[in-house]
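Colleague: upload.cif is reproduced below (mmCIF, C-alpha atoms and all ligand atoms).
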```cif
data_data
loop_
_atom_site.label_atom_id
_atom_site.label_comp_id
_atom_site.auth_asym_id
_atom_site.auth_seq_id
_atom_site.Cartn_x
_atom_site.Cartn_y
_atom_site.Cartn_z
CA MET H 18 257.67 187.07 71.92
CA ASN H 19 257.49 183.91 69.81
CA ASN H 20 260.20 183.96 67.14
CA PHE H 21 257.95 181.97 64.82
CA GLU H 22 255.04 184.41 64.99
CA TRP H 23 255.75 185.59 61.44
CA ILE H 24 255.74 182.02 60.16
CA TYR H 25 252.44 181.26 61.91
CA HIS H 26 250.99 184.36 60.30
CA LYS H 27 252.10 183.17 56.86
CA LEU H 28 250.79 179.66 57.55
CA TYR H 29 247.40 181.18 58.34
CA GLY H 30 247.53 182.97 54.96
CA ILE H 31 248.26 179.69 53.16
CA GLU H 32 245.41 177.97 54.98
CA SER H 33 242.92 180.75 54.24
CA ALA H 34 243.84 180.63 50.54
CA GLY H 35 242.99 176.91 50.45
CA VAL H 36 246.52 175.86 49.54
CA LEU H 37 247.69 174.27 52.78
CA ARG H 38 249.56 171.03 52.08
CA ASP H 39 248.77 168.11 54.31
CA LEU H 40 249.74 164.53 53.68
CA PRO H 41 247.01 162.12 52.73
CA SER H 42 246.62 159.20 55.14
CA PRO H 43 249.28 156.66 54.28
CA PHE H 44 248.73 153.64 52.11
CA SER H 45 249.52 150.44 53.93
CA THR H 46 249.24 147.68 51.40
CA TYR H 47 248.98 147.32 47.69
CA ASP H 48 246.94 144.49 46.27
CA VAL H 49 248.79 143.49 43.14
CA SER H 50 246.09 141.08 42.05
CA ARG H 51 243.62 143.96 41.93
CA GLY H 52 245.83 146.11 39.77
CA THR H 53 245.68 149.69 40.90
CA PHE H 54 243.60 149.28 44.03
CA VAL H 55 245.41 150.30 47.17
CA GLY H 56 244.22 149.17 50.55
CA TYR H 57 244.62 151.65 53.38
CA GLU H 58 243.07 151.67 56.81
CA GLY H 59 241.19 148.64 55.59
CA LYS H 60 239.62 150.56 52.71
CA GLU H 61 240.37 150.20 49.03
CA PHE H 62 240.97 153.06 46.67
CA LEU H 63 241.06 153.36 42.96
CA ILE H 64 244.01 155.59 42.12
CA PHE H 65 244.03 158.01 39.22
CA CYS H 66 246.96 160.26 40.10
CA SER H 67 250.07 158.10 40.18
CA ASN H 68 253.00 158.50 37.80
CA ASP H 69 253.39 154.71 37.73
CA TYR H 70 252.10 154.78 34.16
CA LEU H 71 252.99 151.20 33.25
CA GLY H 72 252.46 149.54 36.63
CA MET H 73 256.20 148.91 36.96
CA THR H 74 256.25 149.64 40.71
CA LYS H 75 254.63 146.24 41.13
CA ASN H 76 256.33 144.33 38.34
CA ALA H 77 257.25 140.90 39.72
CA GLU H 78 260.55 140.64 37.83
CA VAL H 79 261.67 144.07 39.01
CA LEU H 80 260.76 143.29 42.61
CA GLU H 81 262.63 139.99 42.38
CA GLU H 82 265.67 141.83 41.01
CA LEU H 83 265.48 144.21 43.95
CA ARG H 84 265.44 141.32 46.43
CA LYS H 85 268.45 139.71 44.75
CA SER H 86 270.46 142.93 44.55
CA VAL H 87 270.30 144.23 48.10
CA TYR H 88 273.77 143.44 49.38
CA THR H 89 274.21 146.86 50.89
CA GLY H 90 271.64 149.33 52.21
CA GLY H 91 272.84 152.81 51.47
CA SER H 92 275.85 153.79 49.39
CA GLY H 93 277.55 155.34 52.40
CA ALA H 94 278.85 158.44 50.64
CA SER H 95 278.82 160.45 47.45
CA ARG H 96 280.01 158.55 44.40
CA LEU H 97 283.04 160.83 44.37
CA VAL H 98 284.01 159.63 47.86
CA SER H 99 283.32 155.96 48.73
CA GLY H 100 279.80 155.55 47.35
CA ASN H 101 280.59 154.47 43.79
CA PHE H 102 279.38 150.85 43.45
CA ALA H 103 279.63 148.48 40.50
CA GLN H 104 275.84 148.68 40.09
CA HIS H 105 275.98 152.45 39.51
CA VAL H 106 278.55 151.96 36.79
CA GLU H 107 276.68 149.00 35.27
CA PHE H 108 273.58 151.16 35.09
CA GLU H 109 275.42 153.92 33.23
CA GLU H 110 276.94 151.37 30.85
CA PHE H 111 273.49 149.93 30.25
CA ILE H 112 272.04 153.37 29.47
CA SER H 113 274.98 154.12 27.22
CA GLU H 114 274.17 151.01 25.20
CA VAL H 115 270.41 151.60 25.14
CA PHE H 116 270.85 155.14 23.82
CA GLY H 117 273.84 154.33 21.59
CA LEU H 118 275.85 157.03 23.34
CA SER H 119 279.41 156.06 22.45
CA GLN H 120 278.63 156.25 18.72
CA THR H 121 277.42 159.82 19.13
CA GLY H 122 280.10 161.14 21.47
CA ARG H 123 277.66 161.41 24.33
CA SER H 124 277.73 160.08 27.86
CA VAL H 125 275.47 159.60 30.88
CA LEU H 126 275.52 160.47 34.57
CA LEU H 127 273.25 159.02 37.23
CA PHE H 128 271.54 161.37 39.69
CA ASN H 129 269.62 160.66 42.87
CA SER H 130 266.34 162.01 41.54
CA GLY H 131 264.88 164.06 38.73
CA TRP H 132 264.82 166.97 41.14
CA ALA H 133 268.52 166.59 41.94
CA ALA H 134 269.34 166.27 38.23
CA ASN H 135 267.52 169.44 37.19
CA ILE H 136 268.77 171.66 39.99
CA GLY H 137 272.29 170.27 39.67
CA VAL H 138 272.68 170.26 35.89
CA ILE H 139 271.05 173.61 35.11
CA SER H 140 272.93 175.46 37.84
CA SER H 141 276.16 173.77 36.78
CA LEU H 142 275.86 174.68 33.11
CA ALA H 143 274.54 178.25 33.32
CA ASP H 144 276.65 180.96 34.95
CA GLU H 145 276.55 184.77 35.16
CA GLU H 146 277.42 185.08 31.48
CA SER H 147 274.54 182.81 30.45
CA GLU H 148 270.89 183.32 29.70
CA ILE H 149 268.31 180.62 30.35
CA PHE H 150 265.06 180.59 28.37
CA SER H 151 262.60 178.56 30.39
CA ASP H 152 258.99 177.70 29.48
CA GLN H 153 256.50 179.20 31.91
CA LEU H 154 255.05 175.76 32.76
CA ASN H 155 258.34 173.96 33.34
CA HIS H 156 258.57 171.77 36.40
CA ALA H 157 259.53 173.34 39.76
CA SER H 158 262.90 171.57 39.74
CA ILE H 159 263.77 173.37 36.50
CA ILE H 160 262.61 176.67 37.94
CA ASP H 161 264.79 176.13 41.01
CA GLY H 162 267.74 175.02 38.86
CA CYS H 163 267.44 178.32 36.98
CA ARG H 164 267.23 180.27 40.22
CA LEU H 165 270.29 178.52 41.64
CA SER H 166 272.34 179.44 38.59
CA LYS H 167 273.65 182.97 38.32
CA ALA H 168 272.28 183.29 34.80
CA LYS H 169 269.81 185.81 33.46
CA ILE H 170 266.45 184.03 33.33
CA THR H 171 263.88 184.68 30.62
CA VAL H 172 260.62 182.85 31.22
CA PHE H 173 258.70 182.58 27.96
CA PRO H 174 254.89 182.20 27.83
CA HIS H 175 253.94 178.53 27.54
CA LEU H 176 255.12 177.23 24.14
CA ASP H 177 255.25 180.74 22.67
CA LEU H 178 257.99 180.12 20.13
CA ASP H 179 257.72 183.62 18.63
CA PHE H 180 258.45 185.11 22.01
CA LEU H 181 261.33 182.66 22.44
CA GLU H 182 262.79 183.49 19.07
CA ILE H 183 262.63 187.23 19.64
CA SER H 184 264.29 186.81 23.05
CA LEU H 185 267.04 184.62 21.61
CA ARG H 186 267.69 187.10 18.82
CA LYS H 187 268.14 189.90 21.36
CA SER H 188 270.32 187.90 23.73
CA THR H 189 274.02 188.72 23.95
CA ALA H 190 274.78 185.96 26.46
CA LYS H 191 277.83 183.74 25.87
CA PHE H 192 275.83 180.61 26.65
CA LYS H 193 272.14 180.30 25.82
CA LEU H 194 270.12 177.46 27.32
CA VAL H 195 266.54 176.70 26.26
CA VAL H 196 264.80 174.44 28.78
CA VAL H 197 261.53 172.54 28.38
CA ASP H 198 259.63 169.57 29.77
CA SER H 199 258.95 167.17 26.88
CA ILE H 200 255.53 166.37 28.38
CA PHE H 201 254.41 169.13 30.70
CA SER H 202 253.76 167.61 34.07
CA MET H 203 250.52 169.36 35.00
CA ASP H 204 248.95 169.91 31.56
CA GLY H 205 250.10 166.81 29.70
CA ASP H 206 250.83 168.72 26.50
CA LEU H 207 253.95 168.19 24.40
CA ALA H 208 256.88 170.45 23.61
CA PRO H 209 257.32 171.01 19.84
CA LEU H 210 260.85 169.67 19.89
CA GLU H 211 261.41 169.89 16.12
CA ASP H 212 260.68 173.62 16.12
CA LEU H 213 262.69 174.13 19.28
CA ARG H 214 265.64 172.28 17.75
CA TYR H 215 265.43 174.50 14.67
CA ILE H 216 265.29 177.71 16.74
CA CYS H 217 268.12 176.63 19.03
CA ASP H 218 270.34 175.81 16.05
CA LYS H 219 269.49 179.12 14.42
CA TYR H 220 270.53 181.14 17.49
CA GLY H 221 273.36 178.97 18.78
CA ALA H 222 271.42 177.86 21.86
CA VAL H 223 271.61 174.57 23.76
CA LEU H 224 268.37 172.58 23.98
CA TYR H 225 267.67 170.99 27.37
CA VAL H 226 264.79 168.50 27.49
CA ASP H 227 263.29 166.98 30.64
CA GLU H 228 261.76 163.64 29.59
CA ALA H 229 260.40 162.80 33.07
CA HIS H 230 256.86 162.00 31.94
CA ALA H 231 257.70 160.65 28.50
CA PHE H 232 260.40 158.14 29.38
CA GLY H 233 259.01 154.63 29.21
CA VAL H 234 255.78 155.77 27.63
CA VAL H 235 256.47 157.72 24.44
CA GLY H 236 258.47 156.55 21.42
CA LYS H 237 258.80 153.19 19.73
CA THR H 238 260.84 151.74 22.59
CA GLY H 239 259.72 154.22 25.25
CA ARG H 240 262.86 156.33 25.11
CA GLY H 241 260.80 159.49 25.15
CA LEU H 242 259.48 162.29 22.97
CA GLN H 243 262.88 162.74 21.32
CA GLU H 244 262.72 159.16 20.09
CA PHE H 245 259.14 159.64 18.92
CA LEU H 246 259.93 162.80 16.96
CA GLY H 247 263.41 161.76 15.85
CA VAL H 248 264.86 164.92 17.37
CA GLN H 249 267.79 165.13 19.74
CA GLY H 250 268.20 167.64 22.53
CA ASP H 251 271.71 168.57 23.64
CA VAL H 252 271.09 167.77 27.29
CA SER H 253 268.33 165.37 28.33
CA VAL H 254 267.09 164.37 31.76
CA TYR H 255 265.23 161.10 32.40
CA THR H 256 263.71 160.06 35.72
CA LEU H 257 263.47 156.54 37.07
CA SER H 258 260.64 157.59 39.36
CA LYS H 259 257.69 157.68 36.97
CA ALA H 260 257.12 154.95 34.34
CA VAL H 261 260.24 153.05 35.43
CA GLY H 262 258.58 152.67 38.84
CA LEU H 263 261.65 153.24 41.02
CA TYR H 264 263.64 156.33 42.00
CA GLY H 265 266.58 158.26 40.62
CA ALA H 266 267.40 159.93 37.32
CA PHE H 267 270.08 160.22 34.68
CA VAL H 268 271.30 162.91 32.35
CA ILE H 269 272.62 162.46 28.82
CA ALA H 270 274.88 165.06 27.21
CA PRO H 271 278.06 165.31 25.13
CA ARG H 272 280.89 163.45 26.91
CA LYS H 273 282.83 166.55 27.94
CA VAL H 274 279.68 168.21 29.21
CA ILE H 275 279.08 165.18 31.42
CA ASP H 276 282.70 165.49 32.63
CA TYR H 277 281.96 169.12 33.48
CA ILE H 278 278.67 168.29 35.25
CA ARG H 279 280.37 165.54 37.28
CA SER H 280 282.85 168.11 38.56
CA THR H 281 280.45 170.98 39.18
CA ALA H 282 276.86 169.84 39.82
CA ARG H 283 276.47 170.31 43.56
CA SER H 284 273.53 167.91 43.93
CA PHE H 285 275.77 165.21 42.42
CA ILE H 286 278.93 166.04 44.35
CA PHE H 287 277.52 166.70 47.80
CA SER H 288 274.89 164.00 48.15
CA THR H 289 275.09 160.32 49.06
CA ALA H 290 274.73 158.16 45.96
CA ILE H 291 271.46 156.41 45.30
CA PRO H 292 271.37 152.88 46.84
CA PRO H 293 273.10 150.52 44.39
CA TYR H 294 270.24 147.99 44.32
CA ILE H 295 268.01 150.65 42.72
CA CYS H 296 270.36 150.57 39.73
CA SER H 297 270.03 146.80 39.27
CA ALA H 298 266.25 147.06 39.48
CA ALA H 299 266.28 150.01 37.06
CA ILE H 300 268.21 147.97 34.49
CA LYS H 301 265.58 145.25 34.80
CA SER H 302 262.68 147.67 34.60
CA ILE H 303 264.05 149.56 31.59
CA SER H 304 264.87 146.27 29.82
CA ILE H 305 261.22 145.29 30.18
CA ILE H 306 259.99 148.74 29.16
CA LEU H 307 262.03 148.76 25.95
CA ARG H 308 259.97 145.77 24.78
CA ALA H 309 256.70 146.85 26.39
CA ASP H 310 254.77 147.68 23.22
CA GLU H 311 251.66 146.05 24.64
CA LEU H 312 251.76 148.08 27.85
CA ARG H 313 252.18 151.29 25.87
CA ALA H 314 249.30 150.33 23.58
CA LYS H 315 247.16 149.50 26.61
CA LEU H 316 247.98 152.86 28.17
CA ALA H 317 246.93 154.66 24.98
CA GLU H 318 243.72 152.64 24.89
CA ASN H 319 243.02 153.48 28.55
CA VAL H 320 243.50 157.19 27.85
CA SER H 321 240.84 156.93 25.12
CA ILE H 322 238.48 155.03 27.40
CA LEU H 323 238.85 157.75 30.02
CA ILE H 324 238.34 160.62 27.58
CA ASP H 325 235.30 158.86 26.08
CA GLY H 326 233.90 158.06 29.53
CA ILE H 327 234.19 161.67 30.66
CA ARG H 328 232.68 162.93 27.40
CA GLN H 329 229.73 160.55 27.73
CA LYS H 330 229.13 161.06 31.44
CA LEU H 331 229.97 164.73 31.91
CA GLY H 332 229.65 166.10 28.38
CA VAL H 333 233.17 167.49 28.70
CA GLU H 334 235.72 167.12 25.92
CA LEU H 335 239.02 166.87 27.76
CA LYS H 336 242.07 167.97 25.85
CA THR H 337 245.21 165.96 26.17
CA SER H 338 248.09 164.76 24.07
CA SER H 339 249.28 162.26 26.63
CA HIS H 340 248.42 160.12 29.63
CA ILE H 341 248.29 163.24 31.85
CA ILE H 342 244.80 164.62 31.68
CA PRO H 343 244.05 167.91 33.43
CA PHE H 344 240.50 168.35 34.66
CA ILE H 345 240.49 172.04 35.50
CA ILE H 346 238.15 173.12 38.27
CA GLY H 347 239.48 176.61 38.97
CA GLY H 348 239.07 177.52 42.63
CA GLU H 349 241.44 175.97 45.15
CA LEU H 350 238.70 175.16 47.66
CA ASP H 351 236.41 173.78 44.96
CA ALA H 352 239.15 171.44 43.78
CA LEU H 353 239.71 170.28 47.35
CA LYS H 354 236.01 169.61 47.75
CA VAL H 355 235.93 167.46 44.61
CA TYR H 356 238.98 165.54 45.82
CA GLU H 357 237.38 164.91 49.22
CA MET H 358 234.08 163.75 47.76
CA LEU H 359 235.82 161.35 45.39
CA PHE H 360 237.92 160.12 48.30
CA ASP H 361 234.78 159.31 50.29
CA ARG H 362 233.69 157.20 47.33
CA GLY H 363 236.96 155.26 47.27
CA VAL H 364 238.49 157.14 44.36
CA PHE H 365 241.83 158.81 44.92
CA VAL H 366 242.86 161.83 42.81
CA ARG H 367 244.60 164.60 44.70
CA ALA H 368 243.65 168.19 43.97
CA ILE H 369 246.56 170.07 42.41
CA ARG H 370 246.65 173.67 43.52
CA TYR H 371 248.85 176.76 43.52
CA PRO H 372 251.88 176.88 43.43
CA SER H 373 252.02 173.58 41.50
CA VAL H 374 249.71 175.22 38.93
CA PRO H 375 248.86 178.91 38.36
CA ARG H 376 246.29 180.43 40.73
CA GLY H 377 242.69 179.89 39.66
CA THR H 378 243.53 176.76 37.65
CA ALA H 379 243.28 174.21 40.47
CA ARG H 380 242.55 170.82 39.03
CA LEU H 381 242.43 167.12 39.22
CA ARG H 382 245.53 165.95 37.41
CA ILE H 383 244.17 162.66 36.20
CA THR H 384 246.63 160.00 35.15
CA VAL H 385 245.73 156.64 33.76
CA SER H 386 247.92 153.60 33.88
CA ALA H 387 248.30 150.60 31.62
CA VAL H 388 247.08 148.38 34.46
CA HIS H 389 243.73 150.10 34.95
CA THR H 390 240.87 147.98 33.71
CA LYS H 391 238.08 149.31 31.55
CA ASP H 392 235.64 148.83 34.44
CA GLN H 393 237.84 150.82 36.78
CA ILE H 394 238.08 153.71 34.32
CA GLN H 395 234.35 153.69 33.68
CA ARG H 396 233.69 153.63 37.40
CA PHE H 397 235.99 156.62 37.79
CA ALA H 398 234.05 158.57 35.13
CA SER H 399 230.75 157.73 36.87
CA GLU H 400 232.00 158.75 40.29
CA LEU H 401 233.36 162.01 38.86
CA PHE H 402 230.02 162.67 37.19
CA ASP H 403 228.12 162.03 40.44
CA VAL H 404 230.41 164.31 42.41
CA MET H 405 230.38 167.11 39.84
CA SER H 406 226.58 166.98 39.57
CA SER H 407 226.05 167.05 43.30
CA ILE H 408 228.07 170.19 44.00
CA ASN H 409 228.01 173.63 42.59
CA VAL H 410 231.46 174.06 41.09
CA SER H 411 232.47 174.97 37.58
CA ARG H 412 233.27 172.12 35.22
CA GLY H 413 236.57 170.90 33.93
CA THR H 414 237.87 171.71 30.46
C1 LIG Y 501 258.97 167.30 34.59
C2 LIG Y 501 259.55 166.80 35.87
N1 LIG Y 501 260.87 166.83 36.05
C3 LIG Y 501 261.44 166.38 37.18
C4 LIG Y 501 260.68 165.88 38.21
C5 LIG Y 501 261.34 165.41 39.45
O1 LIG Y 501 261.59 164.05 39.35
P1 LIG Y 501 261.77 163.15 40.64
O2 LIG Y 501 260.40 162.85 41.15
O3 LIG Y 501 262.50 161.97 40.13
O4 LIG Y 501 262.57 163.95 41.63
C6 LIG Y 501 259.30 165.80 38.07
C7 LIG Y 501 258.49 165.23 39.17
O5 LIG Y 501 257.31 165.23 39.21
C8 LIG Y 501 258.71 166.28 36.88
O6 LIG Y 501 257.39 166.26 36.71
#
```
Output the file's structure as structure tokens, nothing else.

Modeller:
Amino acid sequence: MNNFEWIYHKLYGIESAGVLRDLPSPFSTYDVSRGTFVGYEGKEFLIFCSNDYLGMTKNAEVLEELRKSVYTGGSGASRLVSGNFAQHVEFEEFISEVFGLSQTGRSVLLFNSGWAANIGVISSLADEESEIFSDQLNHASIIDGCRLSKAKITVFPHLDLDFLEISLRKSTAKFKLVVVDSIFSMDGDLAPLEDLRYICDKYGAVLYVDEAHAFGVVGKTGRGLQEFLGVQGDVSVYTLSKAVGLYGAFVIAPRKVIDYIRSTARSFIFSTAIPPYICSAAIKSISIILRADELRAKLAENVSILIDGIRQKLGVELKTSSHIIPFIIGGELDALKVYEMLFDRGVFVRAIRYPSVPRGTARLRITVSAVHTKDQIQRFASELFDVMSSINVSRGT
């Protein structure tokens, strides 16, 4: 009797449903001079699914800073043991200055990733006497953070503020936490932070905002949707892995809340600190991003070029409020087919399927970057048109 028989059976189920995850063949080189083309197995691909929205993964100054800052490999331990390096602290001081934290009684704590931040912070703040109100389309790391906490979890339909308000009114929990992505990672739509702020204040709830996809891109200096709308959440998470082009994350909250998180968030306490050189590179990258008005304008222009291109070529009016543009196909296998056909044509956009998105809404999650050229975007629209017209699958909306 094979002890894994049950697992093999479940694997077969995943495969038959068209949601088996396999890794794409690895990229070997990246040709900076060609912008977003990536060479792999000798072939070049045009990428339209990276979160490197501003091209910072290849920024020469950031790469130079990385080279200069590597005086140790790993941190060797958690920051609470022997892994707390000057660069970690410098990074937090830098963020404190950028966000004017000391003037507002707030503080910052570095995490190893956005995932680690969300699971650590949410499960640290919410206990058995708490209730978490989480948007249905929140990122998986938020969902898992909620599950790890002992709180009652109320998932509200996507952006249904009436539902949220009714639930908050009924709640008798000692601590109420409303959690949203500021830009939803798979749909690209925005959380109405002003309304959420109002509702949270009305019902004594804490507003938790994950700025993963807005940081660097949205707001006058790229500090996110909160900067853009002039609204402040109580707890905010920012990743360094998307527009900043590196890895890691940080959380901003009132100073004593940060003290509490530092002492209770298990993903902070029990994990080796992020390599210190990442922090030096992140300071460089964020310093550039704060002044990167042109890159942000170029990104916005590229989004318009893409939307126009798809409208002209496919007759489809894609809806988006950001640089994340969902092209819904529906069926899991259909989405895979579209991905594979684009791949054969040298265009790389992975199919996003359940459980990353609800069943039956499999899609291409198209992302543009500030370093795409107009020609590249137009070529993408043409290739997508050719693929969609040559197979019998329903169209994106
Ligand atoms: C909204 C959101 N939060 C958090 C994360 C996790 O961030 P990281 O990739 O830094 O772990 C992601 C990643 O895609 C995300 O989309």

Colleague: Let me make sure I understand: among H:Thr238, H:Ser33, H:Thr171, H:Ser284, which one has the smallest atom-to-atom distance to Ser158 of chain H if we use all atoms listed in the file?

Modeller: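 The shortest atom-to-atom distance to Ser158 of chain H comes from H:Ser284.
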
Colleague: Which of these, H:Leu213, H:Cys163, H:Leu350, H:Ile269, has the shortest distance to Asp179 of chain H once you count only C-alpha atoms?

Modeller: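 The closest residue to Asp179 of chain H is H:Leu213.
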
Colleague: Could the residues that lie within 8 Å of ligand LIG 501 (chain Y), counting only C-alpha atoms and all ligand atoms, be listed as number ranges by chain?

Modeller: H: 129-135, 155-159, 198-203, 227-230, 254, 256-259, 264-266

Colleague: With C-alpha atoms retained, export the selected residues as a compact mmCIF listing (two decimals), in the coordinates of the input.

Modeller:
```
# COMPACT_ATOMS: atom_id res chain seq x y z
CA ASN H 129 269.62 160.66 42.87
CA SER H 130 266.34 162.01 41.54
CA GLY H 131 264.88 164.06 38.73
CA TRP H 132 264.82 166.97 41.14
CA ALA H 133 268.52 166.59 41.94
CA ALA H 134 269.34 166.27 38.23
CA ASN H 135 267.52 169.44 37.19
CA ASN H 155 258.34 173.96 33.34
CA HIS H 156 258.57 171.77 36.40
CA ALA H 157 259.53 173.34 39.76
CA SER H 158 262.90 171.57 39.74
CA ILE H 159 263.77 173.37 36.50
CA ASP H 198 259.63 169.57 29.77
CA SER H 199 258.95 167.17 26.88
CA ILE H 200 255.53 166.37 28.38
CA PHE H 201 254.41 169.13 30.70
CA SER H 202 253.76 167.61 34.07
CA MET H 203 250.52 169.36 35.00
CA ASP H 227 263.29 166.98 30.64
CA GLU H 228 261.76 163.64 29.59
CA ALA H 229 260.40 162.80 33.07
CA HIS H 230 256.86 162.00 31.94
CA VAL H 254 267.09 164.37 31.76
CA THR H 256 263.71 160.06 35.72
CA LEU H 257 263.47 156.54 37.07
CA SER H 258 260.64 157.59 39.36
CA LYS H 259 257.69 157.68 36.97
CA TYR H 264 263.64 156.33 42.00
CA GLY H 265 266.58 158.26 40.62
CA ALA H 266 267.40 159.93 37.32
```

Colleague: Using all atoms listed in the file, pick whichever of H:Ser304, H:Gln120, H:Gln153, H:Ser140 has the shortest atom-to-atom distance to Asp204 of chain H.

Modeller: H:Gln153

Colleague: Near Ala298 of chain H, counting all atoms listed in the file, which residues have an atom at most 8 Å away, once you skip same-chain residues fewer than 5 positions from it, shown as a ChimeraX atom specification?

Modeller: /H:79-80,82-83,86,263

Colleague: Pull C-alpha atoms from the residues just selected and write them as a PDB file, in the coordinates of the input.

Modeller:
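Listing of result24.pdb after writing:
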```pdb
ATOM      1  CA  VAL H  79     261.670 144.070  39.010  1.00  0.00           C
ATOM      2  CA  LEU H  80     260.760 143.290  42.610  1.00  0.00           C
ATOM      3  CA  GLU H  82     265.670 141.830  41.010  1.00  0.00           C
ATOM      4  CA  LEU H  83     265.480 144.210  43.950  1.00  0.00           C
ATOM      5  CA  SER H  86     270.460 142.930  44.550  1.00  0.00           C
ATOM      6  CA  LEU H 263     261.650 153.240  41.020  1.00  0.00           C
TER       7      LEU H 263
END
```

Colleague: I need the residue nearest Glu32 of chain H from this list: H:Glu349, H:Asp144, H:Asp206, H:Glu78. Use all atoms listed in the file for the distance.

Modeller: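 For Glu32 of chain H, the nearest of the candidates is H:Glu349.
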
Colleague: Of the candidates H:Thr378, H:Ser339, H:Gln395, H:Ser407, which one gets nearest to Val364 of chain H if we count only C-alpha atoms?

Modeller: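 Nearest candidate to Val364 of chain H out of H:Thr378, H:Ser339, H:Gln395, H:Ser407: H:Gln395.
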
Colleague: Compare H:Leu28, H:Ile136, H:Val87, H:Ile300 by their minimum atom-to-atom distance to Glu114 of chain H, counting only C-alpha atoms, and give me the closest one.

Modeller: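 Smallest distance to Glu114 of chain H is found for H:Ile300.
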
Colleague: From (264.1, 186.5, 20.8), in the file's coordinates, out to 12 Å: which residues are reached, counting all atoms listed in the file? Answer as number ranges by chain.

Modeller: H: 148-150, 171-173, 177-189, 193, 195, 216-217, 219-220, 222
